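Below is one structure; the comments refer to it alone.
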Amino acid sequence: MNKKKGILFFVISIVVILLCCFISAFGFGNKSIGAAKNITLGLDLRGGVSITYQVQDKEFTQTDMDDTIYKLQLRVAEYSADATVYQEGADRITVEIPGVYDTQTVIEELGRPGSLQFITFEDKNEDGTVNYDNPTVWVTGADVVDAQAGTQSDQTTGSSDFVVQLQLGDEGAEKFAEATEKHVGDVIYIYYDGEIVSAPTVQSVITGGNCVIEHMGSYEAAEKLASTIRIGSLNLELQEISSKVVSAKLGDNAVSTSLIAGAIGIILIMIFMIIFYRVPGLAAAISMVFYTAAILLLLNAFDLTLTISGIAGIILSIGMAVDGNVIINARIKEELEAGRSAHEAIRFGFKRSTSAILDGNITTLIVAIVLLIFGSGSVKGFGMTLAIGIVMSVITSLLVSRLLVYCLYAMGLQDAKFYAKVGGAKKKAFDFVGKKAIWFIIAGVIIVVGIVTVIANSARGKRAFNFNIEFIGGVSTQVEFDKDYPIDEFNNTIKADIADIIGNSDIEGQKVTGTTQYVIKTQDIEASLRQEMQDMLVEKYGADSESFETTYISSSVSKELLRDAYISLLIAAVCMLLYIWIRFRKFKFAISSVIALIHDVFIVMTFFAIFRLSVGNSFIACILTIVGYSINATIVIFDRIRENMKNQEINYDLKQVVNSSIQQTLSRSIFTSATTFVMVLFLYILGVESMRAFAMPLAVGIVAGAFSSIFISGALYYIMTKKNERYDAQAAARAAKYTGIKEVTAVAEGAAEEVTENVEDSETEVKKITANPNRKKKKKRKQ
């Protein structure tokens, strides 16, 4: 690339980046399309609608209620992954959907969850006409597993046909097989909430529980019927009794403070990159601006709901974007120190850092994909945000930063001093492996303290962890005040006074928009404390003593959501293990990284147990963030070990290989952890209370991840490999071979030196004779 092309491409890059920034800030068109303000925020950040349903069935079990809540959760997830569903009282269910403020529209689209039946009319009247008053019910909503809209090729015309794909459970499949066998050529009616919504004709006997309703006319019609079947498959019949618009749980300033904290963190990271890595750092800083703008645009494009979990995913992806640039810049510096020119250092720096960046990001991407497939609720939202961030971080570090560095080089910044400070004594590798016992003892002691704390908490009658309302439910109190209290004032003053009375800060307040009413959620407390809280609200804040309505609520984090989260983490761990095993061709790399990962999770859980931090949805997000973050750091070290194993000078000494690899990647490990820690630190300093409760354990997880990557993972790989006798034999053979090569080389060098000395002596003698041709003659005459 010549200078003109360098300037041209650099200007084009800057224009594109500025355009992305402008669109993400202001958008375009009358509706400000693409602007960050249009990103859908969750209930915790902006609020939404709250709809309460009453169970119409006279007799039902708790299992029926739990199943209905779970199925309804799947239904409302179409509006937002952050939508929550929980039980209120004995026979009510509340649905909260973020980012939506037209309750009537939601109710109409969601439908009234009524009874669903697949029926036929077999009885005849005396005049031979069909008796429609006595239908035969073959299948009910309880037998339906799923219904989805789709397309297939029409067997007659070959054109696309819009259909509904229906899946029934085992019992439903048997009953449906009997119904279709008896009514081939007849109509089976789908009866929902008092009316017939579809009347498909049976073409053949259907076994196995999978069937297709054909000729829907359009995809919209197919989706509407599928949605009706899904909502009608609830175990219980529900009736909507109230709906309201609620405010953000975290207050109006939660978003602005998070943005300020993120902006300060990114600016500090950019300054650090420029000071420490010079020209490559400048390119990385510019690419970080592009990355931030691109993430905001993609959140808009995919219409994602941003919550605390989403912010966690963004923080993690920013950390990985920084990590990719740090890996590249550190590698460029190493190549310069090895004596390469600036241009060669840039080329080899990007080339030799690509595998580490790709392996680290792919491993974390596996986690995101598994969460998207098997997770639900906020877990799935986290997975989507993380997946987008990972893809963009790879593009930013390997494409955008590369282009900018080459542009700057072509523009005249070609001296090595612009790329790194080269020189100084080469540091001897610290003996990380030799002190492995110390690292294992430190980690073991912390984990044992955590286990003991959990046991002690349980023995004292407390829960092992301080689960909050989202996990264990509690009490919901609706109250009306004589004045309008903003949500931020509630969080800063009223909430603190309630916490002093009940002795617990696990309190949620939601303002009913357009009124002076509040819904206050607390853990289940004694009647006397509840009365004291109400008296305080009346006397100090002017609450209407006649307006208090108290009901018990279930957890909004259902057992199924937790189960999905556990299954997702397990599958993700297995998939990561398999990928690392295949990619690095050694199972020891894979098992070492997973053990280090488990260590990080235990450290964070220990922190939660000791300091009794509130365990809720943010806890899940925190654990997922740590899993994705620390595995990346471990992969970078293992990638360098793999590379150094090809180095004949040290590959016969495994301990030296591991120590050197950790030493060579140490600056990357420290810098990446430090930059991500800075982001989280500012979230803690500037964020609202709930944001601080999330940021603190995340900071602990970052430190734990750095510790395990540097001190635990490499030592584990060393121990596992050294126990392999085959490796010892191979290492000894390589050592002998390398030692033999050195001895032969030494002999050859000695012989060469001797020949060189003889040649030099002869040349000296010839020069003397040439300078004085009569010298020999004189000597002969004297003789």
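Letters A, B, ... go to the chains of the structure tokens in the order shown; residues in each chain start at 1; ligands are counted from 1 in the same order.
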- Query: Contacts of A:Ile501 at 12 Å or less, counting only C-alpha atoms, minus same-chain residues fewer than 6 places along, as a PyMOL selection string?
  - Reply: chain A and resi 494-495+507+522+525-526+528-537
Save out the residues we just selected, N, CA and C atoms, as a CSV table (one decimal), in the first residue's frame.
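Dumped to part_13.csv:
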```csv
chain,number,residue,atom,x,y,z
A,494,ILE,N,-37.4,6.3,50.1
A,494,ILE,CA,-38.5,5.4,50.6
A,494,ILE,C,-37.9,4.0,50.8
A,495,LYS,N,-37.2,3.6,49.8
A,495,LYS,CA,-36.7,2.2,49.8
A,495,LYS,C,-35.8,2.0,51.0
A,507,ILE,N,-35.7,-5.1,47.9
A,507,ILE,CA,-36.9,-4.4,47.7
A,507,ILE,C,-37.0,-3.9,46.3
A,522,THR,N,-41.4,-7.1,48.5
A,522,THR,CA,-40.4,-7.5,49.5
A,522,THR,C,-40.4,-9.0,49.7
A,525,ILE,N,-42.3,-11.2,55.1
A,525,ILE,CA,-41.9,-10.7,56.4
A,525,ILE,C,-43.1,-10.9,57.4
A,526,GLU,N,-42.8,-10.8,58.6
A,526,GLU,CA,-43.8,-11.0,59.7
A,526,GLU,C,-44.9,-9.9,59.6
A,528,SER,N,-46.2,-8.2,61.9
A,528,SER,CA,-45.9,-7.0,62.7
A,528,SER,C,-45.0,-6.0,61.9
A,529,LEU,N,-44.0,-6.6,61.2
A,529,LEU,CA,-43.1,-5.7,60.4
A,529,LEU,C,-43.8,-5.1,59.2
A,530,ARG,N,-44.7,-5.9,58.6
A,530,ARG,CA,-45.5,-5.4,57.5
A,530,ARG,C,-46.4,-4.2,57.9
A,531,GLN,N,-47.0,-4.3,59.2
A,531,GLN,CA,-47.8,-3.3,59.7
A,531,GLN,C,-47.0,-2.0,60.0
A,532,GLU,N,-45.8,-2.2,60.5
A,532,GLU,CA,-44.8,-1.1,60.8
A,532,GLU,C,-44.4,-0.4,59.6
A,533,MET,N,-44.2,-1.2,58.5
A,533,MET,CA,-43.8,-0.6,57.2
A,533,MET,C,-45.0,0.3,56.7
A,534,GLN,N,-46.2,-0.2,56.8
A,534,GLN,CA,-47.4,0.5,56.3
A,534,GLN,C,-47.6,1.8,57.1
A,535,ASP,N,-47.4,1.7,58.5
A,535,ASP,CA,-47.6,2.9,59.3
A,535,ASP,C,-46.6,4.0,58.9
A,536,MET,N,-45.3,3.5,58.7
A,536,MET,CA,-44.3,4.5,58.3
A,536,MET,C,-44.6,5.2,57.0
A,537,LEU,N,-45.1,4.4,56.0
A,537,LEU,CA,-45.5,5.0,54.7
A,537,LEU,C,-46.6,6.0,54.8
```
- Query: Contacts of A:Ile591 at 12 Å or less, counting only C-alpha atoms, minus same-chain residues fewer than 3 places along, as JSON, numbers by chain?
  - Reply: {"A": [573, 574, 575, 576, 577, 578, 579, 580, 581, 584, 586, 587, 588, 594, 595, 596, 597, 598, 631, 634, 638, 713, 714, 716, 717, 719, 720, 721]}
Please identify all polymer residues within 8 Å of A:Val144, counting only C-alpha atoms, omitting same-chain residues fewer than 2 positions from it, and present them as a PDB file with N, CA and C atoms, in the first residue's frame.
```pdb
ATOM      1  N   THR A 140     -56.973 -32.025  24.271  1.00  0.00           N
ATOM      2  CA  THR A 140     -57.092 -30.702  24.899  1.00  0.00           C
ATOM      3  C   THR A 140     -55.755 -29.964  24.819  1.00  0.00           C
ATOM      4  N   GLY A 141     -55.779 -28.728  25.262  1.00  0.00           N
ATOM      5  CA  GLY A 141     -54.559 -27.932  25.244  1.00  0.00           C
ATOM      6  C   GLY A 141     -53.428 -28.544  26.053  1.00  0.00           C
ATOM      7  N   ALA A 142     -53.778 -29.309  27.094  1.00  0.00           N
ATOM      8  CA  ALA A 142     -52.753 -29.931  27.926  1.00  0.00           C
ATOM      9  C   ALA A 142     -51.941 -30.959  27.151  1.00  0.00           C
ATOM     10  N   ASP A 146     -46.212 -28.092  21.234  1.00  0.00           N
ATOM     11  CA  ASP A 146     -45.800 -26.875  20.535  1.00  0.00           C
ATOM     12  C   ASP A 146     -46.591 -26.728  19.244  1.00  0.00           C
ATOM     13  N   ALA A 147     -46.651 -25.505  18.743  1.00  0.00           N
ATOM     14  CA  ALA A 147     -47.268 -25.210  17.448  1.00  0.00           C
ATOM     15  C   ALA A 147     -46.511 -24.057  16.824  1.00  0.00           C
ATOM     16  N   LEU A 166     -47.797 -28.949  14.167  1.00  0.00           N
ATOM     17  CA  LEU A 166     -48.328 -29.228  15.503  1.00  0.00           C
ATOM     18  C   LEU A 166     -47.616 -30.434  16.103  1.00  0.00           C
ATOM     19  N   GLN A 167     -47.219 -30.311  17.371  1.00  0.00           N
ATOM     20  CA  GLN A 167     -46.583 -31.416  18.079  1.00  0.00           C
ATOM     21  C   GLN A 167     -47.364 -31.731  19.347  1.00  0.00           C
ATOM     22  N   LEU A 168     -47.722 -33.016  19.515  1.00  0.00           N
ATOM     23  CA  LEU A 168     -48.489 -33.461  20.675  1.00  0.00           C
ATOM     24  C   LEU A 168     -47.626 -34.336  21.574  1.00  0.00           C
ATOM     25  N   GLY A 169     -48.014 -34.411  22.849  1.00  0.00           N
ATOM     26  CA  GLY A 169     -47.327 -35.290  23.788  1.00  0.00           C
ATOM     27  C   GLY A 169     -47.700 -36.747  23.535  1.00  0.00           C
ATOM     28  N   GLY A 172     -51.452 -37.471  24.104  1.00  0.00           N
ATOM     29  CA  GLY A 172     -52.193 -36.775  23.062  1.00  0.00           C
ATOM     30  C   GLY A 172     -52.027 -37.441  21.711  1.00  0.00           C
ATOM     31  N   ILE A 229     -53.088 -21.687  19.350  1.00  0.00           N
ATOM     32  CA  ILE A 229     -52.939 -23.046  19.886  1.00  0.00           C
ATOM     33  C   ILE A 229     -51.961 -23.050  21.056  1.00  0.00           C
ATOM     34  N   ARG A 230     -50.874 -22.272  20.923  1.00  0.00           N
ATOM     35  CA  ARG A 230     -49.887 -22.245  22.011  1.00  0.00           C
ATOM     36  C   ARG A 230     -50.477 -21.646  23.282  1.00  0.00           C
ATOM     37  N   SER A 233     -52.934 -23.875  24.951  1.00  0.00           N
ATOM     38  CA  SER A 233     -52.442 -25.142  25.497  1.00  0.00           C
ATOM     39  C   SER A 233     -52.091 -25.044  26.974  1.00  0.00           C
TER      40      SER A 233
END
```
- Task: Give me every strand (DSSP E or B) residue in stretch 214-324 of chain A, going by DSSP on the backbone, as a list in words.
- Result: Leu238, Gln239, Glu240, Ile241, Ser242, Ser243, Lys244, Val245, Val246, Ser247, Thr305 and Leu306 of chain A
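Ranking A:Gly47, A:Gly27, A:Pro200, A:Gly461 by their shortest atom-to-atom distance to A:Lys244, with only C-alpha atoms included, puts A:Gly47 first.
Across the model, the gap from atom CA of A:Asn632 to atom CA of A:Val394 is 12.8 Å.
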- Quick one: pick out all alpha helix (DSSP H) residues within stretch 551-645 of chain A from a backbone DSSP run and write them as a ChimeraX atom specification. /A:559-584,587-611,617-644
Could you turn the residues from that selection into a file that holds C-alpha atoms, as a short mmCIF file (atom, residue, chain, number, x, y, z; two decimals), in the first residue's frame?
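Writing the result to part24.cif gives the following:
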```cif
data_model
loop_
_atom_site.label_atom_id
_atom_site.label_comp_id
_atom_site.auth_asym_id
_atom_site.auth_seq_id
_atom_site.Cartn_x
_atom_site.Cartn_y
_atom_site.Cartn_z
CA LYS A 559 -37.67 -23.67 38.17
CA GLU A 560 -37.73 -24.31 34.45
CA LEU A 561 -35.67 -21.18 33.73
CA LEU A 562 -33.10 -22.26 36.32
CA ARG A 563 -33.12 -25.76 34.88
CA ASP A 564 -32.55 -24.35 31.40
CA ALA A 565 -29.68 -22.21 32.74
CA TYR A 566 -28.00 -25.21 34.42
CA ILE A 567 -28.45 -27.39 31.32
CA SER A 568 -27.09 -24.60 29.12
CA LEU A 569 -23.98 -24.20 31.26
CA LEU A 570 -23.39 -27.96 31.30
CA ILE A 571 -23.79 -28.30 27.53
CA ALA A 572 -21.61 -25.22 26.99
CA ALA A 573 -18.86 -26.72 29.17
CA VAL A 574 -18.98 -29.99 27.23
CA CYS A 575 -18.94 -28.19 23.87
CA MET A 576 -16.00 -26.01 24.95
CA LEU A 577 -14.16 -29.09 26.17
CA LEU A 578 -14.69 -30.84 22.82
CA TYR A 579 -13.67 -27.78 20.80
CA ILE A 580 -10.46 -27.23 22.78
CA TRP A 581 -9.67 -30.95 22.58
CA ILE A 582 -10.12 -31.00 18.79
CA ARG A 583 -8.41 -27.65 18.19
CA PHE A 584 -5.39 -28.26 20.43
CA PHE A 587 -7.45 -33.56 26.05
CA LYS A 588 -5.25 -32.15 28.82
CA PHE A 589 -5.71 -28.63 27.45
CA ALA A 590 -9.48 -29.09 27.47
CA ILE A 591 -9.83 -30.56 30.96
CA SER A 592 -7.41 -27.98 32.44
CA SER A 593 -9.44 -25.09 31.02
CA VAL A 594 -12.75 -26.50 32.29
CA ILE A 595 -11.31 -27.07 35.79
CA ALA A 596 -10.04 -23.47 35.83
CA LEU A 597 -13.52 -22.39 34.77
CA ILE A 598 -15.14 -24.29 37.64
CA HIS A 599 -12.64 -22.64 39.99
CA ASP A 600 -13.76 -19.17 38.84
CA VAL A 601 -17.44 -19.99 39.35
CA PHE A 602 -16.74 -21.34 42.86
CA ILE A 603 -14.79 -18.20 43.79
CA VAL A 604 -17.67 -15.94 42.74
CA MET A 605 -20.21 -18.14 44.56
CA THR A 606 -18.00 -17.99 47.66
CA PHE A 607 -18.11 -14.20 47.47
CA PHE A 608 -21.92 -14.29 47.26
CA ALA A 609 -22.12 -16.67 50.22
CA ILE A 610 -19.69 -14.82 52.54
CA PHE A 611 -21.03 -11.31 51.96
CA ASN A 617 -31.32 -12.63 37.75
CA SER A 618 -28.12 -10.58 37.89
CA PHE A 619 -26.42 -13.56 39.58
CA ILE A 620 -27.10 -15.71 36.50
CA ALA A 621 -25.77 -12.95 34.24
CA CYS A 622 -22.67 -12.59 36.41
CA ILE A 623 -21.84 -16.31 36.31
CA LEU A 624 -22.36 -16.46 32.54
CA THR A 625 -20.10 -13.43 32.07
CA ILE A 626 -17.31 -15.02 34.11
CA VAL A 627 -17.60 -18.28 32.17
CA GLY A 628 -17.25 -16.47 28.85
CA TYR A 629 -14.50 -14.14 30.05
CA SER A 630 -12.05 -16.41 31.85
CA ILE A 631 -12.07 -19.19 29.24
CA ASN A 632 -10.79 -16.68 26.68
CA ALA A 633 -7.79 -15.75 28.84
CA THR A 634 -6.91 -19.42 29.35
CA ILE A 635 -7.12 -20.12 25.60
CA VAL A 636 -4.58 -17.37 24.86
CA ILE A 637 -2.02 -18.97 27.20
CA PHE A 638 -2.66 -22.47 25.83
CA ASP A 639 -2.24 -21.15 22.28
CA ARG A 640 1.21 -19.83 23.20
CA ILE A 641 2.13 -23.16 24.86
CA ARG A 642 1.14 -24.92 21.63
CA GLU A 643 3.32 -22.52 19.63
CA ASN A 644 6.32 -22.84 21.97
#
```
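Nearest to A:Ala263 of all the residues A:Val205, A:Lys124, A:Ala695, A:Val680 is A:Val680, based on only C-alpha atoms.
Our summary of the geometry notes that atom CA of A:Ala330 is positioned 21.6 Å from atom CA of A:Gly412.
Distance check against A:Asn235 using only C-alpha atoms: of A:Ile266, A:Val55, A:Ala464, A:Leu654, the minimum falls on A:Val55.
Comparing A:Ala294, A:Met384, A:Leu282, A:Ile39 by their smallest distance to A:Arg402, the closest is A:Leu282 (using only C-alpha atoms).
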- Leaving out A:Ser547 and any residue of its chain fewer than 3 positions from it, which residues lie within 8 Å of it when counting only C-alpha atoms, given as a ChimeraX atom specification? /A:478-480,543-544
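For the atom pair formed by atom CA of A:Tyr86 and atom CA of A:Gln239, the distance is 15.3 Å, given to one decimal.
Distance annotation: of A:Ala283, A:Ile357, A:Ile685, A:Ile369, the residue with the minimal separation from A:Leu398 is A:Ile357; atom set is only C-alpha atoms.
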